[in-house]
Amino acid sequence: MPLRRTLLYLSRHPALRGWTETSPLARSLSSRFVAGSTLEEAIAVCIRLRAEGITTTLDYLGEHVKSPGEAQACRDMYLRMLHAMRAAAVEPNVSVKLSQFGIDISASECVANVELLVGKAAEVGGFVRIDMESSAYTERTLEIAARLHERYAACGVVIQSYLYRSGADVAKATAQGMRIRLCKGAYLESSSVAYETKAQVDHSYATLAGYLLSADRYPAIATHDERIIQTVRRFADRHGIGRDRFEFQMLYGIRRDLQKQLVDAGYRLRLYVPFGEAWYPYFMRRLAERPANLLFLARNLLKR
Ligand code: FDA
């Protein structure tokens, strides 16, 4: 736990970020979790995964932009992503962060940026998932997602099982008809808002997953946790919930063995495929999830 907290603290360190993202060595180490720097590279990964029976959601890496111009540039990249996915006959499905679309600068401009994207996704039969960031953003993110969802079915949101509030949020968002991706939560949170032990977070996850599966709004069960995946599979079987009524989701580069098992067993699986230059915070969150990844890093550094 202390190592996780240290890595999450460092994930927000601007100087370390600047140094790491410009280091060719660090870049090559990040390639385990990041599909490439360009949209073309990311699309090539989507096409390869499609051939393996896996669908994708593309994420253009970046968060906490500093100017309206930067937010608009991100929005424009996302519009290009929808177009490129469609042109490659890949389902146009993207994941965005509101801090990348300018929520810290102007809430109204941020909403306008996301609305343009969701409108385009609706037009091309695509989907926009609004990722969930730290708890400082939870209320605003849910509110904006609900507002957009009133106008477009083509958007959904993420709920984190580590937050105490998530039971109420899941009930509300489900009642609003929103499609939810359930994950455990990847940010540094205090015990005043979030469970601290893995057992508590997992228990909350299993409870919320059962609720979402029963509510039948095509939930995304986003985890690499084998025990939870088994629980979800058993729950779905017991309640006669078909394999087309939900999907599992995992992150690019994590538990490829488990990904293959699920696809072979006939489950739907979507991978979250990040690309771009601003990979440092994402990469550090992946290290924090499994500090054993530091050994993998060290081994690769020693090999050079
Ligand atoms: P847990 O961390 O308990 O890990 C279970 C097992 O999975 C580990 O024992 C290990 O085998 C494997 N594993 C997990 N992480 C690994 C890693 N980094 N490297 C190697 N192996 C690993 N979070 C958030 O706050 N907001 C969001 O919007 C999203 N979005 C999102 C989308 C998708 C598709 C996924 C899969 C996850 C997210 N997350 C997220 C991240 C999520 O909150 C969580 O941090 C990670 O999924 C890790 O938690 P697990 O559920 O895998 O369980």
# chains A, B, ... in the order shown; residues from 1 in each chain; ligands from 1
>>> closest_atom_pairs(of="chain A", to="ligand 1", cutoff="7 Å", atoms="only C-alpha atoms and all ligand atoms", output="JSON lines")
{"residue": "A:Asp131", "atom": "CA", "partner": "ligand 1", "partner_atom_place_in_ligand_line": "28 (O)", "distance": 3.5}
{"residue": "A:Met132", "atom": "CA", "partner": "ligand 1", "partner_atom_place_in_ligand_line": "28 (O)", "distance": 4.0}
{"residue": "A:Glu133", "atom": "CA", "partner": "ligand 1", "partner_atom_place_in_ligand_line": "26 (N)", "distance": 5.4}
{"residue": "A:Ser134", "atom": "CA", "partner": "ligand 1", "partner_atom_place_in_ligand_line": "25 (O)", "distance": 6.8}
{"residue": "A:Val158", "atom": "CA", "partner": "ligand 1", "partner_atom_place_in_ligand_line": "28 (O)", "distance": 5.4}
{"residue": "A:Gln160", "atom": "CA", "partner": "ligand 1", "partner_atom_place_in_ligand_line": "25 (O)", "distance": 6.1}
{"residue": "A:Cys183", "atom": "CA", "partner": "ligand 1", "partner_atom_place_in_ligand_line": "43 (O)", "distance": 4.5}
{"residue": "A:Lys184", "atom": "CA", "partner": "ligand 1", "partner_atom_place_in_ligand_line": "43 (O)", "distance": 4.1}
{"residue": "A:Gly185", "atom": "CA", "partner": "ligand 1", "partner_atom_place_in_ligand_line": "43 (O)", "distance": 3.2}
{"residue": "A:Ala186", "atom": "CA", "partner": "ligand 1", "partner_atom_place_in_ligand_line": "45 (O)", "distance": 3.9}
{"residue": "A:Tyr187", "atom": "CA", "partner": "ligand 1", "partner_atom_place_in_ligand_line": "25 (O)", "distance": 5.8}
{"residue": "A:Lys198", "atom": "CA", "partner": "ligand 1", "partner_atom_place_in_ligand_line": "3 (O)", "distance": 6.8}
{"residue": "A:Ala222", "atom": "CA", "partner": "ligand 1", "partner_atom_place_in_ligand_line": "36 (C)", "distance": 4.2}
{"residue": "A:Thr223", "atom": "CA", "partner": "ligand 1", "partner_atom_place_in_ligand_line": "51 (O)", "distance": 3.5}
{"residue": "A:His224", "atom": "CA", "partner": "ligand 1", "partner_atom_place_in_ligand_line": "52 (O)", "distance": 3.7}
{"residue": "A:Asp225", "atom": "CA", "partner": "ligand 1", "partner_atom_place_in_ligand_line": "5 (C)", "distance": 3.8}
{"residue": "A:Glu226", "atom": "CA", "partner": "ligand 1", "partner_atom_place_in_ligand_line": "6 (C)", "distance": 6.8}
{"residue": "A:Gln249", "atom": "CA", "partner": "ligand 1", "partner_atom_place_in_ligand_line": "34 (C)", "distance": 4.5}
{"residue": "A:Met250", "atom": "CA", "partner": "ligand 1", "partner_atom_place_in_ligand_line": "36 (C)", "distance": 3.6}
{"residue": "A:Leu251", "atom": "CA", "partner": "ligand 1", "partner_atom_place_in_ligand_line": "36 (C)", "distance": 4.6}
{"residue": "A:Ile254", "atom": "CA", "partner": "ligand 1", "partner_atom_place_in_ligand_line": "20 (C)", "distance": 5.2}
{"residue": "A:Arg255", "atom": "CA", "partner": "ligand 1", "partner_atom_place_in_ligand_line": "21 (N)", "distance": 6.2}
{"residue": "A:Leu271", "atom": "CA", "partner": "ligand 1", "partner_atom_place_in_ligand_line": "34 (C)", "distance": 6.0}
{"residue": "A:Tyr272", "atom": "CA", "partner": "ligand 1", "partner_atom_place_in_ligand_line": "34 (C)", "distance": 4.9}
{"residue": "A:Arg286", "atom": "CA", "partner": "ligand 1", "partner_atom_place_in_ligand_line": "18 (N)", "distance": 3.7}
{"residue": "A:Leu287", "atom": "CA", "partner": "ligand 1", "partner_atom_place_in_ligand_line": "18 (N)", "distance": 5.5}
{"residue": "A:Ala288", "atom": "CA", "partner": "ligand 1", "partner_atom_place_in_ligand_line": "18 (N)", "distance": 6.9}
{"residue": "A:Glu289", "atom": "CA", "partner": "ligand 1", "partner_atom_place_in_ligand_line": "18 (N)", "distance": 4.7}
{"residue": "A:Arg290", "atom": "CA", "partner": "ligand 1", "partner_atom_place_in_ligand_line": "17 (C)", "distance": 4.9}
{"residue": "A:Asn293", "atom": "CA", "partner": "ligand 1", "partner_atom_place_in_ligand_line": "19 (N)", "distance": 6.2}
>>> residues_around(residues="A:Thr57", least_positions_apart="3", cutoff="7 Å", atoms="only C-alpha atoms", output="list in words")
Asn93, Val94, Ser95, Arg270, Leu271, Tyr272 and Val273 of chain A
>>> write_last_selection(atoms="N, CA, C and O atoms", output="compact mmCIF listing (two decimals), in the first residue's frame")
# COMPACT_ATOMS: atom_id res chain seq x y z
N ASN A 93 -15.40 3.85 -31.05
CA ASN A 93 -15.64 3.88 -29.60
C ASN A 93 -14.42 4.52 -28.94
O ASN A 93 -13.29 4.07 -29.16
N VAL A 94 -14.64 5.62 -28.18
CA VAL A 94 -13.50 6.33 -27.59
C VAL A 94 -13.76 6.57 -26.09
O VAL A 94 -14.91 6.57 -25.64
N SER A 95 -12.68 6.78 -25.36
CA SER A 95 -12.76 7.10 -23.93
C SER A 95 -12.08 8.43 -23.69
O SER A 95 -10.94 8.63 -24.13
N ARG A 270 -13.66 -5.96 -24.61
CA ARG A 270 -13.18 -4.73 -25.23
C ARG A 270 -11.89 -4.30 -24.52
O ARG A 270 -11.82 -4.33 -23.29
N LEU A 271 -10.89 -3.91 -25.30
CA LEU A 271 -9.65 -3.40 -24.69
C LEU A 271 -9.61 -1.89 -24.78
O LEU A 271 -9.98 -1.30 -25.80
N TYR A 272 -9.12 -1.30 -23.71
CA TYR A 272 -8.90 0.14 -23.63
C TYR A 272 -7.50 0.37 -24.20
O TYR A 272 -6.50 -0.13 -23.64
N VAL A 273 -7.45 1.08 -25.34
CA VAL A 273 -6.17 1.21 -26.06
C VAL A 273 -5.71 2.67 -26.03
O VAL A 273 -6.23 3.52 -26.77
>>> select_by_dssp(residues="stretch 21-88 of chain A", states="strand (DSSP E or B)", output="PyMOL selection string")
chain A and resi 55-60
>>> write_last_selection(atoms="C-alpha atoms", output="PDB file, in the first residue's frame")
ATOM      1  CA  THR A  55     -13.276  -4.790 -29.682  1.00  0.00           C
ATOM      2  CA  THR A  56     -11.559  -1.584 -28.587  1.00  0.00           C
ATOM      3  CA  THR A  57     -12.029   1.854 -27.091  1.00  0.00           C
ATOM      4  CA  LEU A  58      -9.344   4.377 -28.036  1.00  0.00           C
ATOM      5  CA  ASP A  59      -7.892   6.812 -25.529  1.00  0.00           C
ATOM      6  CA  TYR A  60      -5.778   9.773 -26.620  1.00  0.00           C
TER       7      TYR A  60
END
>>> select_by_dssp(residues="stretch 157-226 of chain A", states="helix (DSSP H, G or I)", output="compact mmCIF listing (two decimals) with C-alpha atoms, in the first residue's frame")
# COMPACT_ATOMS: atom_id res chain seq x y z
CA SER A 166 -20.69 4.56 -5.69
CA GLY A 167 -23.68 2.46 -4.58
CA ALA A 168 -25.87 5.57 -4.74
CA ASP A 169 -24.22 6.73 -7.99
CA VAL A 170 -24.78 3.38 -9.68
CA ALA A 171 -28.45 3.39 -8.67
CA LYS A 172 -28.95 6.94 -9.93
CA ALA A 173 -27.08 6.54 -13.23
CA THR A 174 -28.86 3.25 -13.90
CA ALA A 175 -32.23 4.88 -13.26
CA LYS A 198 -8.41 -4.62 -1.46
CA ALA A 199 -10.99 -6.84 0.28
CA GLN A 200 -13.36 -3.89 0.76
CA VAL A 201 -12.88 -2.59 -2.80
CA ASP A 202 -13.44 -6.09 -4.21
CA HIS A 203 -16.54 -6.66 -2.09
CA SER A 204 -17.97 -3.35 -3.28
CA TYR A 205 -17.08 -4.28 -6.88
CA ALA A 206 -18.89 -7.64 -6.70
CA THR A 207 -22.00 -6.03 -5.18
CA LEU A 208 -22.15 -3.25 -7.78
CA ALA A 209 -21.46 -5.67 -10.65
CA GLY A 210 -24.41 -7.82 -9.54
CA TYR A 211 -26.63 -4.74 -9.43
CA LEU A 212 -25.53 -3.61 -12.89
CA LEU A 213 -25.96 -7.02 -14.47
CA SER A 214 -29.48 -7.29 -13.04
CA ALA A 215 -30.33 -3.75 -14.20
CA GLU A 226 -9.76 -13.39 -12.03
>>> residues_around(residues="A:Cys155", least_positions_apart="4", cutoff="10 Å", atoms="only C-alpha atoms", output="list in words")
Asn93, Val94, Ser95, Val114, Glu115, Leu117, Val118, Gly119, Ala121, Ala122, Gly126, Phe127, Val128, Arg129, Ile130, Ala145, Ala146, Leu148, His149, Glu150, Arg151, Met178, Arg179 and Ile180 of chain A
>>> closest_residue(among="A:Ala298, A:Ala73, A:Leu182, A:Ala292", to="A:Phe246", atoms="only C-alpha atoms")
A:Leu182
>>> atom_distance(atom1="atom CA of A:Gly36", atom2="atom CA of A:Pro274")
7.9 Å
>>> atom_distance(atom1="atom CA of A:Ala51", atom2="atom CA of A:Arg233")
24.2 Å
>>> residues_around(residues="stretch 97-110 of chain A", least_positions_apart="3", cutoff="8 Å", atoms="only C-alpha atoms", output="ChimeraX atom specification")
/A:62-68,71-72,74-75,113-114,130-133,141
>>> residues_around(residues="A:Gly53", least_positions_apart="4", cutoff="12 Å", atoms="only C-alpha atoms", output="ChimeraX atom specification")
/A:46-49,90,259-271
>>> write_last_selection(atoms="N, CA and C atoms", output="PDB file, in the first residue's frame")
ATOM      1  N   CYS A  46      -5.889  -1.636 -33.144  1.00  0.00           N
ATOM      2  CA  CYS A  46      -7.333  -1.967 -33.131  1.00  0.00           C
ATOM      3  C   CYS A  46      -7.650  -3.023 -34.200  1.00  0.00           C
ATOM      4  N   ILE A  47      -7.027  -2.855 -35.359  1.00  0.00           N
ATOM      5  CA  ILE A  47      -7.303  -3.800 -36.456  1.00  0.00           C
ATOM      6  C   ILE A  47      -6.782  -5.202 -36.082  1.00  0.00           C
ATOM      7  N   ARG A  48      -5.593  -5.234 -35.477  1.00  0.00           N
ATOM      8  CA  ARG A  48      -5.028  -6.530 -35.062  1.00  0.00           C
ATOM      9  C   ARG A  48      -5.934  -7.185 -34.007  1.00  0.00           C
ATOM     10  N   LEU A  49      -6.408  -6.388 -33.059  1.00  0.00           N
ATOM     11  CA  LEU A  49      -7.263  -6.947 -31.997  1.00  0.00           C
ATOM     12  C   LEU A  49      -8.597  -7.428 -32.570  1.00  0.00           C
ATOM     13  N   VAL A  90     -13.475  -0.212 -37.853  1.00  0.00           N
ATOM     14  CA  VAL A  90     -13.391  -0.553 -36.427  1.00  0.00           C
ATOM     15  C   VAL A  90     -14.506   0.250 -35.751  1.00  0.00           C
ATOM     16  N   GLN A 259      -7.377 -12.424 -21.285  1.00  0.00           N
ATOM     17  CA  GLN A 259      -8.150 -11.880 -22.417  1.00  0.00           C
ATOM     18  C   GLN A 259      -8.525 -13.020 -23.364  1.00  0.00           C
ATOM     19  N   LYS A 260      -7.527 -13.843 -23.684  1.00  0.00           N
ATOM     20  CA  LYS A 260      -7.750 -14.920 -24.651  1.00  0.00           C
ATOM     21  C   LYS A 260      -8.761 -15.933 -24.098  1.00  0.00           C
ATOM     22  N   GLN A 261      -8.603 -16.249 -22.803  1.00  0.00           N
ATOM     23  CA  GLN A 261      -9.537 -17.214 -22.178  1.00  0.00           C
ATOM     24  C   GLN A 261     -10.984 -16.745 -22.321  1.00  0.00           C
ATOM     25  N   LEU A 262     -11.208 -15.448 -22.063  1.00  0.00           N
ATOM     26  CA  LEU A 262     -12.587 -14.937 -22.116  1.00  0.00           C
ATOM     27  C   LEU A 262     -13.137 -14.995 -23.532  1.00  0.00           C
ATOM     28  N   VAL A 263     -12.304 -14.582 -24.492  1.00  0.00           N
ATOM     29  CA  VAL A 263     -12.772 -14.600 -25.888  1.00  0.00           C
ATOM     30  C   VAL A 263     -13.040 -16.048 -26.311  1.00  0.00           C
ATOM     31  N   ASP A 264     -12.141 -16.960 -25.945  1.00  0.00           N
ATOM     32  CA  ASP A 264     -12.342 -18.367 -26.304  1.00  0.00           C
ATOM     33  C   ASP A 264     -13.615 -18.934 -25.674  1.00  0.00           C
ATOM     34  N   ALA A 265     -13.957 -18.427 -24.485  1.00  0.00           N
ATOM     35  CA  ALA A 265     -15.166 -18.934 -23.805  1.00  0.00           C
ATOM     36  C   ALA A 265     -16.436 -18.259 -24.330  1.00  0.00           C
ATOM     37  N   GLY A 266     -16.284 -17.362 -25.320  1.00  0.00           N
ATOM     38  CA  GLY A 266     -17.477 -16.764 -25.947  1.00  0.00           C
ATOM     39  C   GLY A 266     -17.966 -15.481 -25.297  1.00  0.00           C
ATOM     40  N   TYR A 267     -17.125 -14.853 -24.448  1.00  0.00           N
ATOM     41  CA  TYR A 267     -17.533 -13.576 -23.840  1.00  0.00           C
ATOM     42  C   TYR A 267     -17.093 -12.410 -24.710  1.00  0.00           C
ATOM     43  N   ARG A 268     -17.830 -11.308 -24.607  1.00  0.00           N
ATOM     44  CA  ARG A 268     -17.417 -10.082 -25.299  1.00  0.00           C
ATOM     45  C   ARG A 268     -16.301  -9.421 -24.496  1.00  0.00           C
ATOM     46  N   LEU A 269     -15.276  -8.986 -25.205  1.00  0.00           N
ATOM     47  CA  LEU A 269     -14.169  -8.316 -24.525  1.00  0.00           C
ATOM     48  C   LEU A 269     -13.762  -7.085 -25.324  1.00  0.00           C
ATOM     49  N   ARG A 270     -13.662  -5.962 -24.610  1.00  0.00           N
ATOM     50  CA  ARG A 270     -13.180  -4.727 -25.228  1.00  0.00           C
ATOM     51  C   ARG A 270     -11.891  -4.305 -24.516  1.00  0.00           C
ATOM     52  N   LEU A 271     -10.891  -3.910 -25.297  1.00  0.00           N
ATOM     53  CA  LEU A 271      -9.651  -3.404 -24.693  1.00  0.00           C
ATOM     54  C   LEU A 271      -9.610  -1.885 -24.779  1.00  0.00           C
TER      55      LEU A 271
END
>>> residues_around(residues="A:Met81", least_positions_apart="2", cutoff="10 Å", atoms="only C-alpha atoms", output="PyMOL selection string")
chain A and resi 39-40+42-43+58-60+75-79+83-87+92-94
>>> write_last_selection(atoms="N, CA and C atoms", output="compact mmCIF listing (two decimals), in the first residue's frame")
# COMPACT_ATOMS: atom_id res chain seq x y z
N LEU A 39 -1.95 8.20 -34.09
CA LEU A 39 -3.27 7.61 -34.33
C LEU A 39 -3.14 6.40 -35.26
N GLU A 40 -2.27 6.50 -36.26
CA GLU A 40 -2.10 5.40 -37.21
C GLU A 40 -1.66 4.12 -36.48
N ALA A 42 -2.16 3.41 -33.36
CA ALA A 42 -3.25 2.94 -32.51
C ALA A 42 -4.31 2.20 -33.34
N ILE A 43 -4.60 2.73 -34.51
CA ILE A 43 -5.59 2.07 -35.39
C ILE A 43 -5.08 0.69 -35.81
N LEU A 58 -10.62 3.65 -27.91
CA LEU A 58 -9.34 4.38 -28.04
C LEU A 58 -9.28 5.54 -27.06
N ASP A 59 -8.11 5.69 -26.46
CA ASP A 59 -7.89 6.81 -25.53
C ASP A 59 -6.68 7.61 -26.00
N TYR A 60 -6.90 8.90 -26.28
CA TYR A 60 -5.78 9.77 -26.62
C TYR A 60 -5.24 10.32 -25.31
N ARG A 75 -10.04 17.74 -28.39
CA ARG A 75 -11.36 17.45 -28.98
C ARG A 75 -11.21 17.13 -30.48
N ASP A 76 -10.41 17.93 -31.19
CA ASP A 76 -10.24 17.71 -32.63
C ASP A 76 -9.57 16.36 -32.90
N MET A 77 -8.62 16.02 -32.06
CA MET A 77 -7.99 14.70 -32.23
C MET A 77 -9.04 13.60 -32.05
N TYR A 78 -9.91 13.76 -31.04
CA TYR A 78 -10.95 12.74 -30.82
C TYR A 78 -11.90 12.65 -32.01
N LEU A 79 -12.19 13.79 -32.63
CA LEU A 79 -13.06 13.76 -33.82
C LEU A 79 -12.36 12.98 -34.94
N HIS A 83 -13.43 9.27 -36.87
CA HIS A 83 -13.40 9.17 -38.33
C HIS A 83 -12.47 8.04 -38.77
N ALA A 84 -11.27 8.00 -38.16
CA ALA A 84 -10.27 6.99 -38.56
C ALA A 84 -10.74 5.58 -38.21
N MET A 85 -11.42 5.46 -37.08
CA MET A 85 -11.90 4.12 -36.69
C MET A 85 -12.95 3.64 -37.69
N ARG A 86 -13.82 4.57 -38.02
CA ARG A 86 -14.88 4.21 -38.97
C ARG A 86 -14.27 3.83 -40.32
N ALA A 87 -13.29 4.64 -40.76
CA ALA A 87 -12.66 4.36 -42.06
C ALA A 87 -11.97 3.00 -42.06
N PRO A 92 -16.44 2.81 -33.87
CA PRO A 92 -15.93 4.10 -33.37
C PRO A 92 -16.28 4.30 -31.89
N ASN A 93 -15.40 3.85 -31.05
CA ASN A 93 -15.64 3.88 -29.60
C ASN A 93 -14.42 4.52 -28.94
N VAL A 94 -14.64 5.62 -28.18
CA VAL A 94 -13.50 6.33 -27.59
C VAL A 94 -13.76 6.57 -26.09
>>> closest_residue(among="A:Glu247, A:Ile54, A:Leu3, A:Ile241", to="A:Tyr218", atoms="only C-alpha atoms")
A:Glu247
>>> closest_residue(among="A:Met284, A:Leu142, A:Pro219, A:Tyr152", to="A:His13", atoms="only C-alpha atoms")
A:Met284
>>> closest_residue(among="A:Tyr280, A:Ala88, A:Phe296, A:Leu116", to="A:Ala15", atoms="only C-alpha atoms")
A:Tyr280
>>> atom_distance(atom1="atom CA of A:Val45", atom2="atom CA of A:Arg285")
21.7 Å
